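Structure record follows, encoded as structure tokens.
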Amino acid sequence: MVIQGLTGSIIAFEPELDRAFHPHLSYIKPQGQSLPIKEITDAVSRQLGGEAIVAYAPSLSPDISSEVFLASGVAYVDQYTGELLGVRARGQTFLGYVRALHVRLGLGTIGRNILRWSAVAALFSAVSGLYLWWPIKRMSVRARDESRRFWFDLHNVIGIYSLLPLALLAVSGVILGFEDQAASLIYKLTRSGPTQISHSPHKTTVGTAFVNADDAVAIARSHMPGAVPYRVQMPRYGGLYQVGLLYPQDKIAGSRNVVVLDPVDGTVVSFGRASDLSRGDWILAANEAVHTGEILGLPSRVVACLASMFIGVQALSGAFIWLYRNRILQTAVCTPTEEPSA
């Protein structure tokens, strides 16, 4: 639970922290119009000895670099000049290890099973904590010295003020941890199913793509006006263009828009829109947004970060309460009682 809380508080601001740790790869000077995608990817491929491009992630901010995904890692590029800023291996960073700890304890399936049950334990802890708090209803720290009473007050105060966000994080964590079982139940309760994606007849094409990435993005955007492209999967891997688009104002499912195109003639093979999500899929997307803190943007991310940090504080204060209580009990047991006088 403590590992989940501490790593979760870091992940809440993962993009900002990643840019802070690697400013030379992240920050650029805005210079007007961005270069076409084809020019950017060609420039990166050239500078890396002709390595094939897997995908391109255009920057959503004018002063942040764009990312080019390669088989060997992720390249950061100035989209105004085409300058290669550097290349990193995927996941092999401090934040990559933090995410691996948060999701699987870095132990694969075993770690994932441990963590999903720890989410259940966190939910039980929140509910039982409310039950124990209710008779005393302590709302402030009265003791000033680091005694058992101080830790007791601190434990109660932080617990009650962070109860709602902690409970939401725990519930959403349980749903994510037992996603298959939870999804089946949610679909049943909402009388819905997984969202069906529209498909058009398509023959697998072999050969050079005739539609470049910029044209593919333009076609995709014409089907979803107002959406911003955030990822372009190249046809070299999969045989088709896959353009992911984002509606920034939609904090729950705004990124769940995908247009798939034939690279030869630009025909739309399939597309999925966030507005077409089934009731069950929308609830699952909302649950994920709650757990990551994205549901209300920056304010909810701050709350999620603080609530995750408080898990560690609760564990520490609870441990001190237990230690003081244990010491008092040991003292009471070990102190000899006086024999009554004759």
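Chain labels A, B, ... are given in the sequence in which chains occur in the structure tokens; within each chain residues are numbered consecutively from 1, and ligands are likewise numbered from 1 in the order shown.
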Sorted by chain and rising residue number, which residues of region 164-251 of chain A lie within 12 Å of region 8-15 of chain A, and what are their closest atom pairs and distances in Å to one decimal, counting only C-alpha atoms, as CSV?
residue,atom,partner,partner_atom,distance
A:Leu166,CA,A:Gly8,CA,11.6
A:Leu169,CA,A:Gly8,CA,9.8
A:Ala170,CA,A:Gly8,CA,11.6
A:Gly173,CA,A:Gly8,CA,10.8
Original post:
Which neighbours of Leu35 (chain A) fall inside 8 Å, counting only C-alpha atoms, when residues of the same chain fewer than 2 positions from it are skipped, and could you give them as a list in words?
Top reply: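 Surrounding residues, per the criterion: Gln33, Ile37, Glu39, Ile40, Gln79, Tyr80, Thr81 and Gly82 of chain A.
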Mind dumping the selected residues with N, CA and C atoms as a short mmCIF file (atom, residue, chain, number, x, y, z; two decimals), in the first residue's frame?
data_model
loop_
_atom_site.label_atom_id
_atom_site.label_comp_id
_atom_site.auth_asym_id
_atom_site.auth_seq_id
_atom_site.Cartn_x
_atom_site.Cartn_y
_atom_site.Cartn_z
N GLN A 33 5.41 28.12 -37.46
CA GLN A 33 4.76 26.94 -37.99
C GLN A 33 5.65 25.71 -37.86
N ILE A 37 4.96 16.58 -40.99
CA ILE A 37 5.35 15.35 -40.31
C ILE A 37 6.38 14.57 -41.13
N GLU A 39 8.63 15.63 -43.22
CA GLU A 39 9.97 16.23 -43.11
C GLU A 39 10.62 15.90 -41.78
N ILE A 40 9.83 15.94 -40.70
CA ILE A 40 10.37 15.67 -39.37
C ILE A 40 10.83 14.22 -39.26
N GLN A 79 10.23 20.30 -33.61
CA GLN A 79 9.34 20.23 -34.76
C GLN A 79 9.41 21.47 -35.66
N TYR A 80 10.12 22.51 -35.21
CA TYR A 80 10.26 23.71 -36.03
C TYR A 80 11.48 23.65 -36.94
N THR A 81 12.50 22.90 -36.51
CA THR A 81 13.75 22.85 -37.28
C THR A 81 14.10 21.44 -37.75
N GLY A 82 13.49 20.42 -37.14
CA GLY A 82 13.84 19.04 -37.46
C GLY A 82 15.08 18.56 -36.74
#
Fill in: All alpha helix (DSSP H) residues (DSSP, backbone) inside region 216-313 of chain A, as a ChimeraX atom specification
/A:216-223,279-292,298-313
Separation of CA of Ser192 (chain A) from CA of Ser270 (chain A), in Å and rounded to one decimal:
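These atoms are spaced 21.1 Å apart.
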Q) If you count only C-alpha atoms, which residues fall within 12 Å of Glu179 (chain A), apart from same-chain ones fewer than 4 positions away, as a list in words? A)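 Those residues are Arg116, Val171, Ser172, Gly173, Val174, Ile175, Ala183, Ser184, Leu185, Ile186, Tyr187, Asp281, Ile283, Leu284, Ala285, Asn287 and Glu288 of chain A.
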